[in-house]
$ cat run.csv   # CSV, C-alpha atoms
chain,number,residue,atom,x,y,z
I,1,MET,CA,0.0,0.0,0.0
I,2,MET,CA,1.2,3.5,-0.8
I,3,LEU,CA,-0.1,6.9,0.4
I,4,SER,CA,-1.5,9.7,-1.7
I,5,GLU,CA,-3.4,12.9,-0.9
I,6,ASN,CA,-6.7,11.3,-1.8
I,7,VAL,CA,-6.5,9.0,1.2
I,8,PHE,CA,-6.1,11.9,3.6
I,9,LYS,CA,-9.2,13.5,2.1
I,10,LYS,CA,-11.2,10.4,3.1
I,11,SER,CA,-9.9,10.5,6.6
I,12,ASN,CA,-10.6,13.2,9.2
I,13,LYS,CA,-8.7,15.2,11.7
I,14,LEU,CA,-9.7,13.1,14.6
I,15,PHE,CA,-8.2,10.1,12.9
I,16,LEU,CA,-4.8,11.8,12.7
I,17,LEU,CA,-5.1,13.2,16.2
I,18,PHE,CA,-5.7,9.7,17.4
I,19,PHE,CA,-2.3,8.7,16.0
I,20,LEU,CA,-0.5,11.6,17.7
I,21,LEU,CA,-2.1,10.8,21.1
I,22,ILE,CA,-1.2,7.2,21.0
I,23,ILE,CA,2.4,8.0,20.1
I,24,ALA,CA,2.6,10.7,22.8
I,25,PHE,CA,1.3,8.6,25.7
I,26,GLY,CA,2.8,5.2,24.8
I,27,GLY,CA,2.4,2.6,27.5
I,28,CYS,CA,3.5,-0.9,28.3
I,29,THR,CA,3.1,-3.9,26.1
I,30,LYS,CA,0.5,-6.5,27.3
I,31,ILE,CA,-0.7,-9.9,26.2
I,32,LYS,CA,-4.3,-10.9,26.7
I,33,VAL,CA,-5.1,-14.6,26.1
I,34,ILE,CA,-8.7,-15.5,25.6
I,35,SER,CA,-8.4,-19.1,24.7
I,36,PRO,CA,-7.6,-21.5,27.6
I,37,ASP,CA,-5.8,-23.8,25.2
I,38,VAL,CA,-2.8,-21.6,24.1
I,39,THR,CA,0.1,-19.7,25.7
I,40,VAL,CA,1.7,-16.6,24.3
I,41,LYS,CA,4.9,-14.9,25.4
I,42,LYS,CA,7.2,-12.1,24.3
I,43,VAL,CA,10.6,-13.5,23.4
I,44,TRP,CA,12.5,-10.3,22.6
I,45,LYS,CA,12.0,-6.7,21.4
I,46,LYS,CA,14.3,-4.3,19.5
I,47,SER,CA,14.1,-0.6,19.0
I,48,LEU,CA,15.2,0.9,15.7
I,49,TYR,CA,15.1,4.4,17.1
I,50,SER,CA,12.8,6.0,14.5
I,51,VAL,CA,9.1,7.0,14.3
I,52,ASN,CA,7.1,6.8,11.1
I,53,GLU,CA,5.5,10.2,11.2
I,54,PHE,CA,4.1,10.9,7.7
I,55,TYR,CA,3.3,7.9,5.5
I,56,LEU,CA,0.5,5.5,6.1
I,57,VAL,CA,2.9,2.8,5.0
I,58,GLN,CA,5.7,1.2,6.9
I,59,PRO,CA,8.0,-1.7,5.9
I,60,SER,CA,6.9,-5.0,7.3
I,61,PRO,CA,9.5,-7.3,8.8
I,62,VAL,CA,10.5,-10.4,6.8
I,63,LEU,CA,11.8,-13.8,7.9
I,64,SER,CA,14.5,-15.5,5.9
I,65,ASP,CA,17.8,-17.3,6.5
I,66,VAL,CA,19.9,-14.7,4.8
I,67,ASN,CA,23.2,-15.9,6.2
I,68,TYR,CA,22.6,-19.6,5.5
I,69,ASP,CA,23.1,-20.9,9.1
I,70,GLY,CA,19.8,-22.8,9.3
I,71,ILE,CA,18.2,-20.1,11.5
I,72,LEU,CA,15.6,-17.6,10.3
I,73,ASP,CA,16.8,-14.0,10.4
I,74,VAL,CA,14.7,-10.9,10.6
I,75,VAL,CA,15.1,-8.4,7.8
I,76,ALA,CA,13.6,-5.0,8.5
I,77,ALA,CA,13.8,-1.4,7.3
I,78,ASN,CA,12.7,2.0,8.6
I,79,ALA,CA,12.0,5.6,7.9
I,80,ARG,CA,15.5,6.7,8.7
I,81,GLY,CA,16.8,4.7,5.7
I,82,PHE,CA,18.3,1.8,7.5
I,83,LEU,CA,18.0,-1.8,6.4
I,84,TYR,CA,18.7,-4.3,9.3
I,85,ALA,CA,19.3,-8.0,9.5
I,86,PHE,CA,18.8,-9.5,13.0
I,87,ASP,CA,19.3,-13.0,14.4
I,88,GLY,CA,15.8,-14.2,14.8
I,89,ARG,CA,16.5,-16.1,18.0
I,90,ASN,CA,17.4,-13.1,20.1
I,91,GLY,CA,17.3,-9.9,18.0
I,92,SER,CA,21.0,-9.4,18.0
I,93,LEU,CA,22.3,-7.3,15.0
I,94,LEU,CA,23.9,-9.1,12.1
I,95,TRP,CA,24.4,-6.1,10.0
I,96,ARG,CA,22.8,-2.8,8.8
I,97,PHE,CA,22.9,-0.8,5.7
I,98,LYS,CA,22.0,2.9,5.2
I,99,ALA,CA,20.2,4.3,2.2
I,100,GLU,CA,20.4,8.0,1.4
I,101,GLU,CA,16.8,8.6,2.7
I,102,GLY,CA,13.9,6.8,4.2
I,103,VAL,CA,12.8,3.3,3.3
I,104,PHE,CA,9.1,2.7,3.2
I,105,THR,CA,9.0,-0.6,1.1
I,106,THR,CA,8.9,-4.0,2.7
I,107,PRO,CA,12.2,-5.7,1.9
I,108,ALA,CA,12.0,-8.4,-0.8
I,109,VAL,CA,14.3,-11.4,-0.3
I,110,ASP,CA,14.8,-13.5,-3.4
I,111,ASP,CA,17.3,-15.1,-5.7
I,112,VAL,CA,17.7,-11.8,-7.6
I,113,LEU,CA,21.1,-12.7,-9.2
I,114,GLY,CA,19.8,-16.1,-10.4
I,115,VAL,CA,22.6,-18.1,-8.8
I,116,GLY,CA,20.6,-19.8,-5.9
I,117,GLY,CA,21.4,-17.2,-3.3
I,118,LYS,CA,19.4,-14.7,-1.3
I,119,GLU,CA,19.5,-11.0,-2.2
I,120,ILE,CA,17.5,-8.2,-0.6
I,121,LEU,CA,15.7,-5.4,-2.6
I,122,ILE,CA,14.6,-2.2,-1.0
I,123,GLY,CA,13.2,1.0,-2.5
I,124,SER,CA,13.7,4.5,-1.0
I,125,ILE,CA,12.3,8.0,-1.2
I,126,ASP,CA,15.8,8.9,-2.5
I,127,ASP,CA,14.4,7.5,-5.8
I,128,THR,CA,16.8,4.5,-5.6
I,129,LEU,CA,16.3,0.8,-5.8
I,130,TYR,CA,19.0,-1.1,-3.9
I,131,CYS,CA,20.1,-4.7,-4.3
I,132,LEU,CA,22.3,-6.2,-1.5
I,133,LEU,CA,23.7,-9.5,-0.7
I,134,GLY,CA,21.6,-11.0,2.1
I,135,GLU,CA,24.6,-12.7,3.8
I,136,ARG,CA,26.3,-9.4,4.4
I,137,ARG,CA,25.5,-5.8,3.6
I,138,LYS,CA,27.5,-5.7,0.4
I,139,LEU,CA,25.8,-3.5,-2.2
I,140,VAL,CA,25.4,-5.4,-5.6
I,141,TRP,CA,23.8,-2.7,-7.7
I,142,THR,CA,21.5,0.4,-7.6
I,143,TYR,CA,19.0,1.8,-10.0
I,144,ARG,CA,18.0,5.5,-9.9
I,145,ALA,CA,14.3,6.0,-10.7
I,146,LYS,CA,12.4,9.1,-11.6
I,147,ASP,CA,10.5,9.3,-8.3
I,148,ASP,CA,10.2,7.9,-4.8
I,149,ILE,CA,10.0,4.1,-4.7
I,150,LEU,CA,7.2,3.3,-2.2
I,151,GLY,CA,6.0,-0.1,-3.5
I,152,THR,CA,7.7,-3.4,-2.7
I,153,PRO,CA,9.6,-4.7,-5.7
I,154,VAL,CA,9.1,-8.2,-7.0
I,155,VAL,CA,11.2,-10.7,-8.9
I,156,LEU,CA,10.1,-12.3,-12.1
I,157,GLN,CA,11.6,-15.5,-13.6
I,158,ALA,CA,12.5,-14.5,-17.2
I,159,ALA,CA,13.3,-16.7,-20.2
I,160,GLY,CA,16.5,-18.6,-19.8
I,161,GLU,CA,18.0,-20.4,-16.9
I,162,GLY,CA,19.1,-18.1,-14.1
I,163,ASN,CA,17.6,-15.0,-15.7
I,164,MET,CA,15.7,-13.0,-13.1
I,165,ASN,CA,14.0,-9.6,-13.7
I,166,VAL,CA,13.1,-7.1,-11.0
I,167,ILE,CA,9.8,-5.3,-11.4
I,168,ALA,CA,9.3,-2.0,-9.5
I,169,ALA,CA,7.4,1.3,-9.8
I,170,ALA,CA,8.2,4.9,-9.1
I,171,GLY,CA,5.7,7.7,-9.8
I,172,TYR,CA,4.1,7.1,-13.2
I,173,SER,CA,6.8,4.6,-14.2
I,174,LEU,CA,6.7,0.8,-14.1
I,175,PHE,CA,10.0,-0.8,-15.0
I,176,SER,CA,11.8,-4.1,-15.4
I,177,LEU,CA,15.4,-4.5,-14.5
I,178,SER,CA,18.0,-7.2,-15.0
I,179,GLY,CA,18.5,-8.9,-11.6
I,180,LYS,CA,22.2,-9.4,-12.4
I,181,ASP,CA,23.2,-5.7,-12.7
I,182,GLY,CA,20.1,-3.5,-12.5
I,183,SER,CA,20.1,-2.5,-16.2
I,184,VAL,CA,16.8,-1.5,-17.7
I,185,ILE,CA,15.0,-4.1,-19.8
I,186,TRP,CA,11.9,-2.0,-20.4
I,187,GLU,CA,10.1,0.9,-18.8
I,188,ILE,CA,6.6,2.3,-19.4
I,189,GLU,CA,4.7,5.3,-18.3
I,190,LEU,CA,1.1,4.7,-17.0
I,191,PRO,CA,-1.6,7.4,-17.2
I,192,ALA,CA,-1.6,8.1,-13.5
I,193,LYS,CA,0.7,7.7,-10.5
I,194,ILE,CA,1.1,4.1,-9.4
I,195,SER,CA,-0.4,3.6,-6.0
I,196,SER,CA,0.1,-0.1,-5.2
I,197,SER,CA,2.9,-2.6,-5.1
I,198,PRO,CA,3.1,-4.9,-8.2
I,199,ALA,CA,2.0,-8.5,-8.2
I,200,ILE,CA,3.3,-11.1,-10.6
I,201,GLU,CA,1.4,-14.2,-11.9
I,202,ASP,CA,0.5,-15.9,-15.1
I,203,VAL,CA,-3.1,-14.8,-15.1
I,204,ASN,CA,-4.1,-16.0,-18.5
I,205,ASN,CA,-2.3,-19.4,-18.6
I,206,ASP,CA,0.0,-18.4,-21.5
I,207,ASP,CA,3.1,-19.6,-19.7
I,208,THR,CA,4.4,-16.0,-19.3
I,209,SER,CA,4.0,-13.8,-16.2
I,210,GLU,CA,1.8,-10.7,-16.1
I,211,ILE,CA,2.1,-7.8,-13.7
I,212,LEU,CA,-0.9,-6.5,-11.9
I,213,ILE,CA,-0.7,-3.0,-10.5
I,214,GLY,CA,-3.1,-0.2,-9.3
I,215,CYS,CA,-3.0,3.5,-9.9
I,216,GLU,CA,-4.5,6.7,-8.6
I,217,ASN,CA,-6.8,7.0,-11.6
I,218,LYS,CA,-8.9,4.2,-10.1
I,219,ASN,CA,-7.6,1.6,-12.6
I,220,LEU,CA,-6.0,-1.8,-12.2
I,221,TYR,CA,-3.7,-2.6,-15.0
I,222,CYS,CA,-2.5,-6.0,-16.3
I,223,ILE,CA,0.9,-5.6,-18.0
I,224,ARG,CA,2.8,-8.3,-19.9
I,225,GLY,CA,6.0,-9.0,-17.9
I,226,GLU,CA,8.3,-9.7,-20.9
I,227,ASP,CA,7.8,-6.4,-22.7
I,228,GLY,CA,5.5,-4.1,-20.7
I,229,LYS,CA,2.5,-4.3,-23.0
I,230,ASN,CA,-0.8,-3.3,-21.5
I,231,LEU,CA,-3.2,-6.3,-21.8
I,232,TRP,CA,-6.3,-4.9,-20.0
I,233,GLU,CA,-7.4,-2.5,-17.4
I,234,PHE,CA,-10.3,-2.5,-14.9
I,235,LYS,CA,-11.9,0.6,-13.6
I,236,THR,CA,-13.0,1.0,-9.9
I,237,GLY,CA,-14.6,3.9,-8.1
I,238,ASP,CA,-11.5,5.3,-6.4
I,239,GLN,CA,-7.7,4.8,-6.3
I,240,ILE,CA,-6.2,1.4,-5.7
I,241,LEU,CA,-3.6,1.0,-2.9
I,242,SER,CA,-3.9,-2.7,-2.2
I,243,THR,CA,-1.5,-5.2,-3.8
I,244,PRO,CA,-3.5,-7.7,-6.0
I,245,VAL,CA,-3.6,-11.4,-5.3
I,246,VAL,CA,-4.0,-14.0,-8.1
I,247,LYS,CA,-5.6,-17.4,-7.4
I,248,ASP,CA,-7.9,-19.9,-9.1
I,249,ILE,CA,-10.6,-19.0,-6.7
I,250,THR,CA,-13.5,-20.8,-8.4
I,251,GLY,CA,-11.6,-24.0,-9.1
I,252,ASP,CA,-12.3,-23.9,-12.8
I,253,GLY,CA,-8.6,-23.8,-14.0
I,254,THR,CA,-8.6,-20.1,-14.7
I,255,LYS,CA,-7.2,-17.5,-12.4
I,256,GLU,CA,-8.9,-14.6,-10.7
I,257,VAL,CA,-7.5,-11.3,-9.4
I,258,ILE,CA,-8.6,-10.2,-6.0
I,259,PHE,CA,-7.9,-6.6,-4.8
I,260,GLY,CA,-9.4,-3.8,-2.8
I,261,SER,CA,-10.1,-0.1,-3.7
I,262,CYS,CA,-10.6,3.1,-1.8
I,263,ASP,CA,-14.2,3.0,-3.1
I,264,ASN,CA,-14.7,0.5,-0.2
I,265,ASN,CA,-15.1,-2.5,-2.5
I,266,LEU,CA,-13.1,-5.8,-2.7
I,267,TYR,CA,-13.2,-7.0,-6.3
I,268,CYS,CA,-12.8,-10.5,-7.8
I,269,ILE,CA,-12.2,-10.2,-11.6
I,270,ASP,CA,-11.3,-12.6,-14.4
I,271,GLY,CA,-7.6,-12.7,-14.9
I,272,ARG,CA,-7.8,-13.3,-18.7
I,273,LYS,CA,-10.1,-10.4,-19.7
I,274,GLY,CA,-10.3,-8.1,-16.6
I,275,GLU,CA,-14.0,-8.5,-16.2
I,276,LYS,CA,-15.8,-8.4,-12.8
I,277,ILE,CA,-17.0,-11.7,-11.3
I,278,TRP,CA,-18.2,-10.2,-8.0
I,279,SER,CA,-17.5,-7.4,-5.6
I,280,PHE,CA,-18.1,-7.0,-1.8
I,281,GLU,CA,-18.7,-3.6,-0.2
I,282,ALA,CA,-17.2,-2.7,3.2
I,283,ASP,CA,-17.9,0.5,5.1
I,284,ASP,CA,-14.5,2.2,4.4
I,285,ASN,CA,-11.3,2.0,2.4
I,286,ILE,CA,-9.7,-1.3,1.6
I,287,THR,CA,-6.0,-0.6,1.2
I,288,ALA,CA,-4.1,-3.8,2.2
I,289,ARG,CA,-3.5,-7.0,0.3
I,290,ALA,CA,-6.0,-9.8,1.0
I,291,ALA,CA,-5.1,-13.3,2.0
I,292,VAL,CA,-6.6,-16.1,0.0
I,293,GLU,CA,-6.5,-19.5,1.7
I,294,ASP,CA,-8.7,-22.6,2.5
I,295,VAL,CA,-9.4,-21.7,6.1
I,296,VAL,CA,-12.8,-23.4,6.6
I,297,GLY,CA,-11.5,-26.9,5.6
I,298,THR,CA,-13.8,-27.5,2.6
I,299,ASP,CA,-11.0,-27.4,0.0
I,300,ASP,CA,-12.6,-24.2,-1.3
I,301,LEU,CA,-10.7,-20.9,-1.0
I,302,GLU,CA,-11.8,-18.1,1.3
I,303,ILE,CA,-10.7,-14.4,1.2
I,304,ILE,CA,-9.6,-12.6,4.4
I,305,PHE,CA,-9.1,-8.9,4.2
I,306,THR,CA,-9.0,-5.8,6.4
I,307,ALA,CA,-10.7,-2.4,6.0
I,308,TRP,CA,-10.6,1.1,7.6
I,309,ASP,CA,-14.0,0.4,9.1
I,310,ASN,CA,-12.4,-1.4,12.1
I,311,SER,CA,-13.2,-4.8,10.6
I,312,VAL,CA,-11.6,-8.0,9.4
I,313,TYR,CA,-13.7,-9.9,6.9
I,314,CYS,CA,-13.8,-13.5,5.7
I,315,LEU,CA,-15.6,-14.1,2.4
I,316,ASN,CA,-16.5,-17.2,0.4
I,317,GLY,CA,-14.1,-17.0,-2.6
I,318,SER,CA,-16.5,-18.3,-5.2
I,319,ASP,CA,-19.3,-15.8,-4.7
I,320,GLY,CA,-18.0,-13.1,-2.2
I,321,LYS,CA,-20.6,-13.9,0.5
I,322,LEU,CA,-19.7,-13.0,4.0
I,323,ILE,CA,-18.6,-15.9,6.3
I,324,TRP,CA,-17.6,-13.9,9.4
I,325,LYS,CA,-16.6,-10.4,10.4
I,326,PHE,CA,-14.4,-9.4,13.3
I,327,LYS,CA,-14.4,-6.0,14.9
I,328,THR,CA,-11.2,-4.2,16.1
I,329,GLN,CA,-11.2,-1.0,18.1
I,330,SER,CA,-9.8,1.1,15.3
I,331,ALA,CA,-9.0,1.1,11.6
I,332,ASN,CA,-6.9,-1.6,10.0
I,333,ILE,CA,-4.5,-0.7,7.2
I,334,SER,CA,-2.2,-3.7,7.4
I,335,ALA,CA,-2.6,-6.9,5.5
I,336,PRO,CA,-3.7,-10.1,7.4
I,337,ARG,CA,-1.3,-13.0,7.8
I,338,VAL,CA,-2.8,-16.5,7.7
I,339,ALA,CA,-0.8,-19.3,9.2
I,340,GLU,CA,-1.2,-22.6,11.0
I,341,LEU,CA,0.3,-21.6,14.3
I,342,TYR,CA,-0.4,-24.7,16.4
I,343,ASP,CA,0.1,-27.6,13.9
I,344,ASP,CA,-3.4,-28.9,14.5
I,345,GLY,CA,-4.8,-28.7,11.0
I,346,LYS,CA,-6.5,-25.3,11.7
I,347,LYS,CA,-5.3,-21.9,10.6
I,348,GLU,CA,-5.2,-18.6,12.4
I,349,VAL,CA,-5.4,-15.0,11.2
I,350,LEU,CA,-3.0,-12.4,12.5
I,351,VAL,CA,-4.0,-8.8,12.1
I,352,GLY,CA,-2.3,-5.6,13.3
I,353,SER,CA,-4.5,-2.5,14.0
I,354,ILE,CA,-4.2,1.2,14.6
I,355,ASP,CA,-5.6,0.4,18.1
I,356,LYS,CA,-2.0,-0.9,18.9
I,357,SER,CA,-3.1,-4.5,19.0
I,358,LEU,CA,-2.0,-7.6,17.1
I,359,TYR,CA,-5.1,-9.9,17.0
I,360,CYS,CA,-4.9,-13.7,16.6
I,361,ILE,CA,-8.2,-14.9,15.3
I,362,GLU,CA,-9.5,-18.4,14.5
I,363,ALA,CA,-9.6,-18.4,10.7
I,364,ASP,CA,-12.6,-20.7,10.4
I,365,THR,CA,-14.9,-18.9,12.9
I,366,GLY,CA,-13.5,-15.4,13.4
I,367,ALA,CA,-13.2,-16.0,17.2
I,368,LEU,CA,-10.5,-14.2,19.1
I,369,LEU,CA,-7.8,-16.4,20.6
I,370,TRP,CA,-5.4,-13.7,22.0
I,371,LYS,CA,-4.1,-10.3,21.4
I,372,PHE,CA,-0.8,-8.5,21.9
I,373,ILE,CA,-1.0,-4.8,22.8
I,374,SER,CA,2.0,-2.8,21.8
I,375,ARG,CA,3.0,0.8,22.7
I,376,ALA,CA,2.0,2.3,19.3
I,377,PRO,CA,-0.2,1.5,16.3
I,378,ILE,CA,0.6,-1.5,14.1
I,379,TRP,CA,0.6,-0.7,10.4
I,380,THR,CA,2.6,-3.7,9.3
I,381,THR,CA,1.9,-7.3,8.4
I,382,PRO,CA,3.5,-9.8,10.8
I,383,ALA,CA,6.0,-12.6,9.7
I,384,VAL,CA,5.5,-16.1,11.0
I,385,GLY,CA,8.1,-19.0,11.1
I,386,ASP,CA,9.8,-21.5,13.3
I,387,ILE,CA,12.9,-19.4,13.8
I,388,ASP,CA,15.0,-21.8,15.9
I,389,ASN,CA,13.6,-25.1,14.5
I,390,ASP,CA,12.1,-26.2,17.9
I,391,GLY,CA,8.7,-27.1,16.4
I,392,SER,CA,6.9,-24.0,17.6
I,393,LYS,CA,6.1,-20.9,15.6
I,394,GLU,CA,7.4,-17.4,16.3
I,395,ILE,CA,5.7,-14.2,15.2
I,396,ILE,CA,7.6,-11.0,14.2
I,397,LEU,CA,5.8,-7.7,14.2
I,398,SER,CA,6.7,-4.0,14.2
I,399,SER,CA,4.9,-0.9,15.3
I,400,ILE,CA,5.1,2.7,14.1
I,401,ASP,CA,7.4,3.7,17.0
I,402,ASP,CA,10.0,1.5,15.2
I,403,ARG,CA,10.0,-1.4,17.7
I,404,ILE,CA,10.2,-4.9,16.5
I,405,TYR,CA,8.8,-7.7,18.7
I,406,CYS,CA,9.2,-11.5,18.6
I,407,LEU,CA,6.3,-13.5,20.1
I,408,SER,CA,6.1,-17.2,20.7
I,409,THR,CA,2.9,-19.1,21.0
I,410,GLU,CA,2.1,-22.8,21.7
I,411,LYS,CA,-0.8,-25.0,22.3
I,412,LYS,CA,-1.0,-26.4,25.9
I,413,GLU,CA,-0.4,-30.1,26.4

$ encode --input "run.csv" --output "C-alpha cells"
Amino acid sequence: MMLSENVFKKSNKLFLLFFLLIIAFGGCTKIKVISPDVTVKKVWKKSLYSVNEFYLVQPSPVLSDVNYDGILDVVAANARGFLYAFDGRNGSLLWRFKAEEGVFTTPAVDDVLGVGGKEILIGSIDDTLYCLLGERRKLVWTYRAKDDILGTPVVLQAAGEGNMNVIAAAGYSLFSLSGKDGSVIWEIELPAKISSSPAIEDVNNDDTSEILIGCENKNLYCIRGEDGKNLWEFKTGDQILSTPVVKDITGDGTKEVIFGSCDNNLYCIDGRKGEKIWSFEADDNITARAAVEDVVGTDDLEIIFTAWDNSVYCLNGSDGKLIWKFKTQSANISAPRVAELYDDGKKEVLVGSIDKSLYCIEADTGALLWKFISRAPIWTTPAVGDIDNDGSKEIILSSIDDRIYCLSTEKKE
C-alpha cells in the first residue's frame, strides 16, 4: 500500500489526532489470552530508534535465513533509511545498511542474481532501488528511478536459466530491470501515479507472467511481464492502494485477481479479460493485500481482508458472500497473515491494527484467541516462522514507533 493525498481527504482530523495521542502517551506492552488452550509470550524486542510520522505505510518485517546458518533471520527497514538483519533467536544485530533517505518498502528477499542465493531489494524516497547480498550488507547494484519508490519490488523468472527480472514502480513509471546488474529491460509510463505494489502471476495461462498494479486514476492494469505491453485495465470507483492477489478462486482452472479499492469494495475479476466476477462492499477504504486460503477446511478458498471500518472480513471466494466479520477498536490498514500456528490442522489469522493490538483470530470462525498490545499503532503485516527449529512458531511484528517484537505461541499439552 502507498499513500496519496486522496487517502487523507477520506480520513478526518480526529483520525490523525488519534495517531498523535497514541504515540505521545505510549504505555507498556500487554498480552491478553482469551483461549484456555494456548500460551503466548514475548521473546525479545528491538528498537530501531525512529518514528514513522508521515506515510500511512511502513516496511513490514520479513523472515529469511539470509546468512545460511539454518536459523531464520529478521530483515527490517525503517523511515531513517536503515536496512537491518537480526538474528531471529534473540534480535542481535547481524548487519545494517544505510540508504540515502527513508525506506518505506517491505524488503523483498529472493534469488535476484539467479545463482541460488538470497539477495535483498529495497526502495527508498531517495528515488533509488537497492540490491544487496543477504549474507552481508554488500551492495550489488542500484537503480536511480524518476520518483520515490514506495511499493515493494518483486522478482520475475525471465526466459532462460538463471535470468531474473526485478519489477518495480516509481511515480508514473513501471519498469523491469535485470536482476544481475540492475540494467533496464523495459520501462513504461502509466496514465496516473502508481499507488500499489506490483504482483506477478501468469493470469491467462499463456506460460508467461503478467504484472498487476493499481493507480491513482482508479484503474487496475494487467501488464505483460516480458515487454511491458498493457493487456487490459479495470476501472473501480477510487484509487487502488492494495497489492492484488491472483488465485484460481473458483476451481475452474482459470485465475482470478482479488484486490481492494478506496471505493470501499473488494473485487474479484477474471484474470484473462479483466471482467468483474463479483464485488463486496465494506464500510470504508480497503488498502491492504487480501489473504486467499482454505481456512474453513472444505478445499474451497476463502478471502480474508481488512478495512478502515475497524473490521476484518472473511468471504467465500466463489461468490463473495460473508462468512464472518471481526471488529477491532480502530482502523486496519495492514494486510492479514494467515498461518497454522499450532500444527493442529487449523489456521489462524494475525492482524495488526491502529488500536495498537495484534489480534490472533480463528480463521474458520472469526473468534479471538489472543491479542498482543504494543506501545503504538501497528501498520505492518507480521511474519511467521519456526525461527529456531524447535517445532513452535514465532511471530515477528513491528509498530510505528519502530519497535520490533518477537512473540512465541504454543498449544497447551

$ residues_around --input "run.csv" --residues "segment 168-180 of chain I" --least-positions-apart "5" --cutoff "7 Å" --atoms "all atoms listed in the file" --output "list in words"
Val112, Leu113, Ala145, Lys146, Asp147, Asp148, Ile149, Gly151, Pro153, Val154, Ile185, Trp186, Glu187, Ile188, Glu189, Leu190, Pro191, Ala192, Lys193, Ile194 and Pro198 of chain I

$ closest_atom_pairs --input "run.csv" --of "segment 360-388 of chain I" --to "segment 335-353 of chain I" --cutoff "6 Å" --atoms "only C-alpha atoms" --output "tab-separated table"
residue	atom	partner	partner_atom	distance
I:Cys360	CA	I:Leu350	CA	4.7
I:Ile361	CA	I:Val349	CA	5.0
I:Glu362	CA	I:Glu348	CA	4.8
I:Ala363	CA	I:Glu348	CA	4.7
I:Ile378	CA	I:Gly352	CA	5.1
I:Thr381	CA	I:Ala335	CA	5.4

$ write_last_selection --input "run.csv" --atoms "C-alpha atoms" --output "CSV table (one decimal), in the frame of the given file"
chain,number,residue,atom,x,y,z
I,360,CYS,CA,-4.9,-13.7,16.6
I,361,ILE,CA,-8.2,-14.9,15.3
I,362,GLU,CA,-9.5,-18.4,14.5
I,363,ALA,CA,-9.6,-18.4,10.7
I,378,ILE,CA,0.6,-1.5,14.1
I,381,THR,CA,1.9,-7.3,8.4

$ residues_around --input "run.csv" --residues "Leu132 of chain I" --least-positions-apart "5" --cutoff "12 Å" --atoms "all atoms listed in the file" --output "MDAnalysis selection string"
chainID I and resid 66 75 83:85 95:99 107:113 117:123 137:142 179:182

$ atom_distance --input "run.csv" --atom1 "atom CA of Lys321 of chain I" --atom2 "atom CA of Ile213 of chain I"
25.2 Å

$ closest_residue --input "run.csv" --among "I:Glu275, I:Asp263, I:Asp202, I:Asp252" --to "Glu233 of chain I" --atoms "all atoms listed in the file"
I:Glu275

$ residues_near_point --input "run.csv" --point "(-5.9, -31.2, 25.5)" --cutoff "8 Å" --atoms "only C-alpha atoms" --output "PDB file with C-alpha atoms, in the frame of the given file"
ATOM      1  CA  ASP I  37      -5.800 -23.800  25.200  1.00  0.00           C
ATOM      2  CA  LYS I 412      -1.000 -26.400  25.900  1.00  0.00           C
ATOM      3  CA  GLU I 413      -0.400 -30.100  26.400  1.00  0.00           C
TER       4      GLU I 413
END
